[in-house]
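Next comes data-v8.tsv, a file with TSV, C-alpha atoms.
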```tsv
chain	number	residue	atom	x	y	z
A	300	MET	CA	0.00	0.00	0.00
A	301	SER	CA	1.28	3.47	-0.88
A	302	VAL	CA	2.21	5.67	2.07
A	303	ALA	CA	0.93	8.88	0.44
A	304	PRO	CA	-2.82	8.21	0.89
A	305	LEU	CA	-2.34	7.34	4.55
A	306	LEU	CA	-0.29	10.50	5.09
A	307	ALA	CA	-2.99	12.57	3.39
A	308	ALA	CA	-5.65	11.17	5.73
A	309	LEU	CA	-3.43	11.79	8.76
A	310	VAL	CA	-2.72	15.37	7.63
A	311	VAL	CA	-6.45	16.11	7.41
A	312	VAL	CA	-7.15	14.71	10.87
A	313	GLY	CA	-4.01	16.34	12.30
A	314	GLY	CA	-5.01	19.69	10.79
A	315	LEU	CA	-8.32	19.53	12.63
A	316	GLY	CA	-6.42	18.70	15.82
A	317	VAL	CA	-4.11	21.73	15.70
A	318	LEU	CA	-6.81	24.18	14.60
A	319	PRO	CA	-7.40	25.51	18.16
A	320	LEU	CA	-3.72	26.50	18.34
A	321	VAL	CA	-3.42	28.35	15.03
A	322	GLY	CA	-6.95	29.21	13.88
A	323	SER	CA	-8.91	32.43	14.28
A	324	ALA	CA	-12.19	32.65	16.19
A	325	TYR	CA	-14.11	32.23	12.93
A	326	ALA	CA	-11.99	29.24	11.89
A	327	LEU	CA	-12.50	27.67	15.30
A	328	SER	CA	-16.28	28.15	15.10
A	329	LEU	CA	-16.40	26.67	11.61
A	330	GLY	CA	-14.07	23.87	12.68
A	331	TYR	CA	-16.33	23.00	15.60
A	332	SER	CA	-19.30	22.62	13.26
A	333	VAL	CA	-17.22	20.50	10.87
A	334	VAL	CA	-15.96	18.23	13.66
A	335	THR	CA	-19.41	17.88	15.26
A	336	PHE	CA	-21.29	17.00	12.08
A	337	THR	CA	-18.50	14.70	10.91
A	338	ALA	CA	-18.64	12.88	14.25
A	339	LEU	CA	-22.45	12.67	13.97
A	340	ALA	CA	-22.05	11.18	10.50
A	341	TYR	CA	-19.71	8.56	11.98
A	342	SER	CA	-22.13	7.70	14.78
A	343	TRP	CA	-25.03	7.38	12.32
A	344	ASN	CA	-22.78	5.27	10.09
A	345	LEU	CA	-22.17	2.75	12.89
A	346	VAL	CA	-25.71	1.48	12.71
A	347	SER	CA	-27.15	2.66	9.40
A	348	GLY	CA	-24.04	2.26	7.26
A	349	TYR	CA	-23.09	-1.19	8.52
A	350	THR	CA	-26.48	-2.82	9.16
A	351	GLY	CA	-28.47	-1.07	6.43
A	352	TYR	CA	-31.12	0.09	8.91
A	353	VAL	CA	-31.44	3.70	7.79
A	354	SER	CA	-32.43	5.85	10.76
A	355	LEU	CA	-34.27	9.14	10.25
A	356	GLY	CA	-34.50	9.82	13.98
A	357	HIS	CA	-30.99	9.40	15.34
A	358	VAL	CA	-31.21	13.01	16.52
A	359	ALA	CA	-33.40	11.64	19.34
A	360	PHE	CA	-30.23	10.56	21.18
A	361	PHE	CA	-28.58	13.90	20.40
A	362	GLY	CA	-31.48	15.64	22.12
A	363	VAL	CA	-31.50	13.24	25.08
A	364	GLY	CA	-27.80	13.88	25.62
A	365	GLY	CA	-28.28	17.63	25.28
A	366	TYR	CA	-31.12	17.81	27.80
A	367	THR	CA	-29.35	15.50	30.26
A	368	THR	CA	-26.27	17.73	30.12
A	369	ALA	CA	-28.26	20.96	30.43
A	370	LEU	CA	-30.21	19.68	33.43
A	371	LEU	CA	-27.13	18.35	35.22
A	372	VAL	CA	-25.27	21.63	34.68
A	373	THR	CA	-28.12	23.97	35.65
A	374	LYS	CA	-29.78	21.99	38.44
A	375	ALA	CA	-26.98	19.81	39.89
A	376	GLN	CA	-24.01	22.11	39.11
A	377	TRP	CA	-22.04	19.37	37.34
A	378	HIS	CA	-18.99	20.17	35.27
A	379	TRP	CA	-20.09	20.39	31.65
A	380	LEU	CA	-17.73	17.67	30.42
A	381	LEU	CA	-18.85	15.13	33.02
A	382	ALA	CA	-22.44	16.10	32.30
A	383	ALA	CA	-21.89	15.51	28.56
A	384	VAL	CA	-20.48	12.03	29.25
A	385	ALA	CA	-23.49	11.33	31.47
A	386	GLY	CA	-25.70	12.54	28.63
A	387	GLY	CA	-24.12	9.95	26.36
A	388	LEU	CA	-24.70	7.20	28.91
A	389	VAL	CA	-28.35	8.19	29.35
A	390	ALA	CA	-28.78	8.22	25.56
A	391	ALA	CA	-27.31	4.72	25.40
A	392	LEU	CA	-29.70	3.55	28.14
A	393	VAL	CA	-32.64	5.02	26.24
A	394	ALA	CA	-31.39	3.25	23.10
A	395	VAL	CA	-31.70	-0.19	24.70
A	396	PRO	CA	-35.53	-0.37	24.90
A	397	ALA	CA	-35.93	1.90	21.86
A	398	GLY	CA	-33.68	-0.34	19.76
A	399	ALA	CA	-35.31	-3.52	21.03
A	400	ALA	CA	-38.64	-2.18	19.79
A	401	MET	CA	-37.64	-0.31	16.63
A	402	LEU	CA	-35.23	-2.90	15.24
A	403	ARG	CA	-38.12	-5.31	14.85
A	404	LEU	CA	-39.09	-3.10	11.91
A	405	ARG	CA	-37.28	-3.14	8.59
A	406	GLY	CA	-36.75	-0.83	5.68
A	407	PRO	CA	-38.90	2.31	5.51
A	408	TYR	CA	-40.89	1.19	8.56
A	409	PHE	CA	-37.78	1.43	10.73
A	410	ALA	CA	-36.88	4.83	9.26
A	411	ILE	CA	-40.38	6.21	9.89
A	412	GLY	CA	-40.47	4.65	13.35
A	413	MET	CA	-37.24	6.39	14.33
A	414	LEU	CA	-38.52	9.65	12.92
A	415	GLY	CA	-41.61	9.24	15.09
A	416	LEU	CA	-39.46	8.51	18.16
A	417	ALA	CA	-37.54	11.76	17.70
A	418	ARG	CA	-40.76	13.74	17.33
A	419	VAL	CA	-42.28	12.08	20.43
A	420	LEU	CA	-39.24	13.03	22.51
A	421	GLU	CA	-39.38	16.56	21.13
A	422	ARG	CA	-43.03	16.88	22.19
A	423	LEU	CA	-42.17	15.42	25.60
A	424	ALA	CA	-39.47	18.05	26.09
A	425	LEU	CA	-41.89	20.74	24.96
A	426	GLY	CA	-44.68	19.60	27.28
A	427	TRP	CA	-42.67	18.81	30.42
A	428	ASP	CA	-42.50	22.46	31.43
A	429	SER	CA	-41.59	21.86	35.08
A	430	LEU	CA	-38.37	20.09	34.09
A	431	THR	CA	-37.34	21.39	30.67
A	432	HIS	CA	-39.04	24.83	30.75
A	433	GLY	CA	-40.83	23.85	27.54
A	434	GLY	CA	-40.50	26.25	24.65
A	435	ARG	CA	-38.66	28.79	26.83
A	436	GLY	CA	-35.67	26.47	26.94
A	437	LEU	CA	-32.84	26.06	29.39
A	438	TYR	CA	-30.09	28.66	29.75
A	439	LEU	CA	-26.59	27.44	30.56
A	440	PRO	CA	-23.65	29.55	31.74
A	441	PRO	CA	-22.06	31.38	28.78
A	442	ILE	CA	-18.68	30.08	27.67
A	443	ILE	CA	-15.72	32.39	27.09
A	444	ASP	CA	-13.26	30.10	25.33
A	445	THR	CA	-14.56	27.66	22.70
A	446	ARG	CA	-11.34	25.65	22.53
A	447	GLY	CA	-12.52	23.31	25.27
A	448	VAL	CA	-15.72	22.31	23.47
A	449	TYR	CA	-13.81	21.98	20.20
A	450	LEU	CA	-11.25	19.64	21.73
A	451	ALA	CA	-13.98	17.58	23.42
A	452	ALA	CA	-15.83	17.14	20.12
A	453	PHE	CA	-12.57	16.36	18.35
A	454	ALA	CA	-11.77	13.66	20.92
A	455	VAL	CA	-15.17	12.07	20.23
A	456	LEU	CA	-14.41	12.19	16.50
A	457	LEU	CA	-11.05	10.46	16.99
A	458	LEU	CA	-12.66	7.72	19.06
A	459	LEU	CA	-15.31	7.23	16.39
A	460	ILE	CA	-12.70	6.98	13.61
A	461	ALA	CA	-10.72	4.46	15.64
A	462	GLY	CA	-13.88	2.53	16.53
A	463	THR	CA	-15.01	2.43	12.91
A	464	PHE	CA	-11.58	1.21	11.82
A	465	TRP	CA	-11.79	-1.56	14.40
A	466	LEU	CA	-15.32	-2.40	13.25
A	467	GLU	CA	-14.12	-2.61	9.66
A	468	ASN	CA	-11.54	-5.27	10.60
A	469	SER	CA	-13.47	-7.27	13.19
A	470	SER	CA	-15.77	-10.25	12.98
A	471	PHE	CA	-18.44	-8.06	14.58
A	472	GLY	CA	-18.23	-5.64	11.67
A	473	LEU	CA	-18.30	-8.42	9.09
A	474	ARG	CA	-21.43	-9.84	10.72
A	475	LEU	CA	-23.08	-6.42	10.58
A	476	LEU	CA	-22.23	-6.23	6.87
A	477	ALA	CA	-23.79	-9.67	6.43
A	478	ILE	CA	-26.98	-8.31	8.02
A	479	ARG	CA	-26.91	-5.38	5.64
A	480	GLU	CA	-26.52	-7.56	2.57
A	481	ASP	CA	-28.99	-10.34	3.50
A	482	GLU	CA	-30.39	-10.48	7.02
A	483	THR	CA	-32.40	-13.63	6.40
A	484	GLY	CA	-29.34	-15.38	5.00
A	485	ALA	CA	-27.25	-14.20	7.97
A	486	GLU	CA	-29.82	-15.66	10.37
A	487	SER	CA	-29.73	-18.97	8.52
A	488	LEU	CA	-25.96	-19.07	9.07
A	489	GLY	CA	-26.43	-18.76	12.83
A	490	ILE	CA	-25.57	-15.06	13.18
A	491	PRO	CA	-27.50	-13.56	16.16
A	492	THR	CA	-28.84	-10.65	14.13
A	493	ALA	CA	-31.15	-9.19	16.79
A	494	ARG	CA	-28.40	-8.95	19.41
A	495	LEU	CA	-25.81	-7.55	16.99
A	496	LYS	CA	-28.18	-4.92	15.63
A	497	LEU	CA	-29.05	-3.79	19.16
A	498	MET	CA	-25.37	-3.58	20.12
A	499	ALA	CA	-24.59	-1.41	17.09
A	500	PHE	CA	-27.65	0.74	17.86
A	501	VAL	CA	-26.57	1.36	21.45
A	502	PHE	CA	-22.93	1.96	20.52
A	503	SER	CA	-24.02	4.61	18.02
A	504	ALA	CA	-26.30	6.33	20.56
A	505	LEU	CA	-23.50	6.83	23.11
A	506	PRO	CA	-21.29	9.29	21.14
A	507	THR	CA	-24.39	10.96	19.70
A	508	GLY	CA	-25.57	11.78	23.22
A	509	ILE	CA	-22.13	13.10	24.20
A	510	LEU	CA	-22.07	15.34	21.13
A	511	GLY	CA	-25.54	16.62	22.04
A	512	GLY	CA	-24.30	17.55	25.49
A	513	ILE	CA	-21.27	19.37	24.12
A	514	TRP	CA	-23.55	21.17	21.65
A	515	ALA	CA	-25.82	22.38	24.46
A	516	TRP	CA	-22.87	23.73	26.43
A	517	HIS	CA	-21.47	25.38	23.32
A	518	LEU	CA	-24.75	27.19	22.58
A	519	SER	CA	-25.37	28.03	26.28
A	520	TYR	CA	-29.04	27.42	25.52
A	521	LEU	CA	-31.27	24.48	24.67
A	522	ASP	CA	-34.90	24.18	23.59
A	523	PRO	CA	-36.80	21.31	21.92
A	524	GLY	CA	-36.36	22.69	18.41
A	525	THR	CA	-32.60	22.99	18.88
A	526	ALA	CA	-32.11	19.65	20.63
A	527	PHE	CA	-34.15	17.59	18.16
A	528	GLY	CA	-33.65	19.72	15.05
A	529	ILE	CA	-34.23	17.88	11.78
A	530	ASN	CA	-31.43	19.90	10.16
A	531	ILE	CA	-28.92	18.24	12.49
A	532	GLU	CA	-30.18	14.82	11.49
A	533	LEU	CA	-30.17	15.52	7.75
A	534	THR	CA	-26.69	17.05	7.77
A	535	ALA	CA	-25.25	13.94	9.42
A	536	ILE	CA	-27.09	11.57	7.09
A	537	VAL	CA	-26.11	13.45	3.94
A	538	GLY	CA	-22.49	13.63	5.10
A	539	ALA	CA	-22.31	9.87	5.66
A	540	ILE	CA	-24.04	8.96	2.40
A	541	LEU	CA	-22.14	11.54	0.33
A	542	GLY	CA	-18.81	10.26	1.60
A	543	GLY	CA	-19.79	6.60	1.52
A	544	ALA	CA	-21.92	4.81	4.10
A	545	GLY	CA	-20.46	1.68	5.62
A	546	THR	CA	-16.83	2.78	5.18
A	547	VAL	CA	-14.14	4.19	7.46
A	548	TRP	CA	-13.32	7.30	5.44
A	549	GLY	CA	-16.80	8.04	4.09
A	550	PRO	CA	-18.12	10.14	7.02
A	551	LEU	CA	-14.81	12.04	7.18
A	552	VAL	CA	-14.81	12.90	3.47
A	553	GLY	CA	-18.55	13.60	3.44
A	554	GLY	CA	-18.57	15.60	6.66
A	555	LEU	CA	-15.69	17.81	5.53
A	556	GLY	CA	-17.14	18.19	2.06
A	557	ILE	CA	-20.67	19.11	3.07
A	558	SER	CA	-19.47	21.58	5.72
A	559	LEU	CA	-16.83	23.39	3.66
A	560	VAL	CA	-18.78	23.48	0.39
A	561	GLY	CA	-21.90	24.64	2.21
A	562	GLU	CA	-19.97	27.41	3.96
A	563	ALA	CA	-18.32	28.56	0.70
A	564	LEU	CA	-21.66	28.67	-1.13
A	565	TRP	CA	-23.28	30.57	1.73
A	566	ALA	CA	-20.47	33.16	1.71
A	567	ARG	CA	-20.50	33.72	-2.08
A	568	PHE	CA	-24.16	33.09	-2.98
A	569	PRO	CA	-26.22	33.84	0.16
A	570	ARG	CA	-29.55	34.06	-1.69
A	571	VAL	CA	-29.36	30.82	-3.65
A	572	HIS	CA	-26.79	28.79	-1.72
A	573	LEU	CA	-29.28	26.12	-0.63
A	574	GLY	CA	-30.40	25.50	-4.21
A	575	LEU	CA	-26.82	25.28	-5.48
A	576	PHE	CA	-25.90	23.00	-2.61
A	577	GLY	CA	-28.79	20.69	-3.47
A	578	VAL	CA	-27.74	20.54	-7.12
A	579	ILE	CA	-24.18	19.61	-6.14
A	580	LEU	CA	-25.43	16.87	-3.83
A	581	VAL	CA	-27.74	15.39	-6.46
A	582	VAL	CA	-25.06	15.41	-9.16
A	583	THR	CA	-22.47	13.88	-6.81
A	584	MET	CA	-24.76	11.10	-5.63
A	585	LEU	CA	-25.88	10.29	-9.17
A	586	GLY	CA	-22.30	10.18	-10.42
A	587	LEU	CA	-20.85	8.42	-7.37
A	588	PRO	CA	-23.66	6.35	-5.82
A	589	ARG	CA	-21.24	4.52	-3.48
A	590	GLY	CA	-19.75	7.75	-2.15
A	591	LEU	CA	-16.69	9.92	-2.60
A	592	ALA	CA	-14.50	7.86	-0.28
A	593	THR	CA	-15.04	4.67	-2.28
A	594	ALA	CA	-14.03	6.48	-5.48
A	595	LEU	CA	-10.92	7.92	-3.79
A	596	MET	CA	-9.95	4.49	-2.49
A	597	ARG	CA	-10.24	3.05	-5.99
A	598	LEU	CA	-7.99	5.85	-7.24
A	599	ARG	CA	-5.60	5.08	-4.31
A	600	ALA	CA	-6.04	8.62	-2.98
A	601	LEU	CA	-7.20	7.12	0.33
A	602	PRO	CA	-5.71	4.06	2.05
A	603	PRO	CA	-7.74	0.83	2.11
A	604	THR	CA	-9.14	-0.23	5.46
A	605	ARG	CA	-10.61	-3.74	5.17
A	606	PHE	CA	-7.42	-5.65	5.84
A	607	LEU	CA	-9.34	-8.63	7.24
A	608	ILE	CA	-11.27	-9.13	4.01
A	609	ARG	CA	-8.18	-8.60	1.89
A	610	ARG	CA	-6.28	-11.16	3.94
A	611	ALA	CA	-9.09	-13.68	3.49
A	612	VAL	CA	-9.04	-13.06	-0.27
A	613	ARG	CA	-5.28	-13.64	-0.42
A	614	GLN	CA	-5.55	-16.86	1.56
A	615	GLU	CA	-8.31	-18.13	-0.71
A	616	TRP	CA	-6.34	-17.27	-3.84
A	617	ARG	CA	-3.23	-18.99	-2.47
A	618	ALA	CA	-5.27	-22.08	-1.57
A	619	GLN	CA	-6.50	-22.26	-5.17
A	620	GLY	CA	-3.01	-21.69	-6.55
A	621	LEU	CA	-3.99	-18.42	-8.27
A	622	PRO	CA	-1.54	-15.51	-8.72
A	623	LEU	CA	-1.95	-12.56	-6.37
A	624	GLY	CA	-2.72	-9.90	-8.93
A	625	ARG	CA	-4.20	-6.47	-8.48
A	626	ALA	CA	-7.67	-7.92	-7.87
A	627	ALA	CA	-6.44	-9.54	-4.66
A	628	THR	CA	-4.61	-6.47	-3.32
A	629	ALA	CA	-6.85	-3.61	-4.42
A	630	PRO	CA	-9.11	-1.88	-1.88
A	631	ILE	CA	-12.31	-3.83	-1.29
A	632	ASP	CA	-15.47	-1.79	-0.71
```
Would you mind writing the file's structure down as structure tokens?
Amino acid sequence: MSVAPLLAALVVVGGLGVLPLVGSAYALSLGYSVVTFTALAYSWNLVSGYTGYVSLGHVAFFGVGGYTTALLVTKAQWHWLLAAVAGGLVAALVAVPAGAAMLRLRGPYFAIGMLGLARVLERLALGWDSLTHGGRGLYLPPIIDTRGVYLAAFAVLLLLIAGTFWLENSSFGLRLLAIREDETGAESLGIPTARLKLMAFVFSALPTGILGGIWAWHLSYLDPGTAFGINIELTAIVGAILGGAGTVWGPLVGGLGISLVGEALWARFPRVHLGLFGVILVVTMLGLPRGLATALMRLRALPPTRFLIRRAVRQEWRAQGLPLGRAATAPID
């Protein structure tokens, strides 16, 4: 494998890491949005990209984490970082019964069910005035330096990249891919599909809840529309699909692309930027239906990640006495 693609990926991630040290206030604010939505794309990718269960309500766990953090900070005087971690844990706990119920559905029924779950939680936050202050929202202490929230979100992103890389090269990840390709066939092979789907669902809810808590602290304010905003959900989904769902580099490429291109269009064409952005997305997805990251891996502009599958292919080719040509060493998507 060429070293250049790996170095390019490391430079991008390293550049995001040093941004708080060299960037302006505007660059840091933009960088925080990029890191947050890229991390959300990764968390959505853990369940939807690898199992094929497309969720339209993953923002439910973002809102649960945000409200848990806001309540712990304002009512129990917790440190915001500990409160954000607690928000992630509460989101994961909520995901256990929610996943056990929702994952019985398949296809569009699961997507619509998750969308309904997010809207139910939004209405609950709006109606529980004594706890959440309803539409008035919760006010958190204002922050002076945004570097702390940036670094916290960046740490979550790094953990998600590392976790996705592990998933890509583990038997757990391969079983999830089997569920995505043919769940009935996977069950016939003895794969415990219900348990694996629930595990992926809960694992994806944990970082989503933490990111929601960091987001609440960053804004210093939280209301139902902000916590469960559909724009947050759609940005994460589009980022994952644009980059390439079910891959390691897809959410990174898609998250960076959607954030930077959207910001550039907004700055240069403020009146029509949404229309232009939609045209670019449609053209890109029609031309590259498997995502930008898959195309870059085929061009060797990004390093391959499925070493386990590649190793199995090599062993099979050797067992059959076939030469190890490019087909056995090229990136497998």
Given only C-alpha atoms as the basis, pick out the residue of A:Val547, A:Gly538, A:Trp343, A:Arg405 nearest to Leu559 (chain A).
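When distances to Leu559 (chain A) are compared using only C-alpha atoms, the smallest one comes from A:Gly538.
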For the atom pair CA of Thr534 (chain A) and CA of Phe336 (chain A), what is the interatomic distance in Å to one decimal place?
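Going from CA of Thr534 (chain A) over to CA of Phe336 (chain A) covers 6.9 Å.
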Tell me which protein, DNA and RNA residues are within 12 Å of Met498 (chain A), counting only C-alpha atoms, leaving out same-chain ones fewer than 5 positions away, and put them as a ChimeraX atom specification.
/A:345-346,350,391-392,394-396,398-399,402,471-472,474-475,491-493,503-505
Would you output that residue set with C-alpha atoms, as a compact mmCIF listing (two decimals), in the coordinates of the input?
```txt
# COMPACT_ATOMS: atom_id res chain seq x y z
CA LEU A 345 -22.17 2.75 12.89
CA VAL A 346 -25.71 1.48 12.71
CA THR A 350 -26.48 -2.82 9.16
CA ALA A 391 -27.31 4.72 25.40
CA LEU A 392 -29.70 3.55 28.14
CA ALA A 394 -31.39 3.25 23.10
CA VAL A 395 -31.70 -0.19 24.70
CA PRO A 396 -35.53 -0.37 24.90
CA GLY A 398 -33.68 -0.34 19.76
CA ALA A 399 -35.31 -3.52 21.03
CA LEU A 402 -35.23 -2.90 15.24
CA PHE A 471 -18.44 -8.06 14.58
CA GLY A 472 -18.23 -5.64 11.67
CA ARG A 474 -21.43 -9.84 10.72
CA LEU A 475 -23.08 -6.42 10.58
CA PRO A 491 -27.50 -13.56 16.16
CA THR A 492 -28.84 -10.65 14.13
CA ALA A 493 -31.15 -9.19 16.79
CA SER A 503 -24.02 4.61 18.02
CA ALA A 504 -26.30 6.33 20.56
CA LEU A 505 -23.50 6.83 23.11
```
Please measure the separation of CA of Ala359 (chain A) and CA of Trp377 (chain A), giving the value in Å to one decimal.
22.6 Å
Exercise: Thr583 (chain A) partners within 12 Å, only C-alpha atoms, chain neighbours under 4 positions left out, as a ChimeraX atom specification:
/A:537-538,540-543,553,556-557,576-579,587-592,594
Separation of CA of Tyr341 (chain A) from CA of Gly356 (chain A) in Å
15.0 Å
Considering all atoms listed in the file, can you say which of A:Ser429, A:Thr593, A:Ser519, A:Thr507 comes closest to Thr337 (chain A)?
A:Thr507
Considering only C-alpha atoms, state which residue in the set A:Ile411, A:Val581, A:Gly330, A:Thr367 is at the smallest distance from Val389 (chain A).
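For Val389 (chain A), the nearest of the candidates is A:Thr367.
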Judged by all atoms listed in the file, the minimum distance to Ala526 (chain A) among A:Ser558, A:Thr445, A:Ser469, A:Thr368 is found for A:Thr368
Closest of A:Gly351, A:Asp444, A:Leu327, A:Asp522 to Asp428 (chain A) - atom-to-atom distances counting all atoms listed in the file
A:Asp522
Contacts of Pro440 (chain A) within 12 Å, all atoms listed in the file, excl. fewer than 4 positions in-chain, as a PDB file with C-alpha atoms, keeping the file's coordinate frame:
```pdb
ATOM      1  CA  ALA A 369     -28.260  20.960  30.430  1.00  0.00           C
ATOM      2  CA  LEU A 370     -30.210  19.680  33.430  1.00  0.00           C
ATOM      3  CA  VAL A 372     -25.270  21.630  34.680  1.00  0.00           C
ATOM      4  CA  THR A 373     -28.120  23.970  35.650  1.00  0.00           C
ATOM      5  CA  LYS A 374     -29.780  21.990  38.440  1.00  0.00           C
ATOM      6  CA  GLN A 376     -24.010  22.110  39.110  1.00  0.00           C
ATOM      7  CA  TRP A 377     -22.040  19.370  37.340  1.00  0.00           C
ATOM      8  CA  HIS A 378     -18.990  20.170  35.270  1.00  0.00           C
ATOM      9  CA  TRP A 379     -20.090  20.390  31.650  1.00  0.00           C
ATOM     10  CA  ALA A 515     -25.820  22.380  24.460  1.00  0.00           C
ATOM     11  CA  TRP A 516     -22.870  23.730  26.430  1.00  0.00           C
ATOM     12  CA  HIS A 517     -21.470  25.380  23.320  1.00  0.00           C
ATOM     13  CA  LEU A 518     -24.750  27.190  22.580  1.00  0.00           C
ATOM     14  CA  SER A 519     -25.370  28.030  26.280  1.00  0.00           C
ATOM     15  CA  TYR A 520     -29.040  27.420  25.520  1.00  0.00           C
ATOM     16  CA  LEU A 521     -31.270  24.480  24.670  1.00  0.00           C
TER      17      LEU A 521
END
```
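A distance cut-off of 6 Å around (-23.6, 10.3, 9.3), counting all atoms listed in the file, selects these protein and nucleic acid residues: Leu339, Ala340, Tyr341, Trp343, Asn344, Ala535, Ile536, Gly538, Ala539 and Pro550 of chain A.
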Save the residues we just selected, C-alpha atoms, as a PDB file, in the frame of the given file?
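For reference, out_37.pdb as written:
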```pdb
ATOM      1  CA  LEU A 339     -22.450  12.670  13.970  1.00  0.00           C
ATOM      2  CA  ALA A 340     -22.050  11.180  10.500  1.00  0.00           C
ATOM      3  CA  TYR A 341     -19.710   8.560  11.980  1.00  0.00           C
ATOM      4  CA  TRP A 343     -25.030   7.380  12.320  1.00  0.00           C
ATOM      5  CA  ASN A 344     -22.780   5.270  10.090  1.00  0.00           C
ATOM      6  CA  ALA A 535     -25.250  13.940   9.420  1.00  0.00           C
ATOM      7  CA  ILE A 536     -27.090  11.570   7.090  1.00  0.00           C
ATOM      8  CA  GLY A 538     -22.490  13.630   5.100  1.00  0.00           C
ATOM      9  CA  ALA A 539     -22.310   9.870   5.660  1.00  0.00           C
ATOM     10  CA  PRO A 550     -18.120  10.140   7.020  1.00  0.00           C
TER      11      PRO A 550
END
```
Option closest in space to Ser342 (chain A), from A:Leu315, A:Ala452, A:Leu459, A:Leu580 [counting only C-alpha atoms]:
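Nearest to Ser342 (chain A): A:Leu459.
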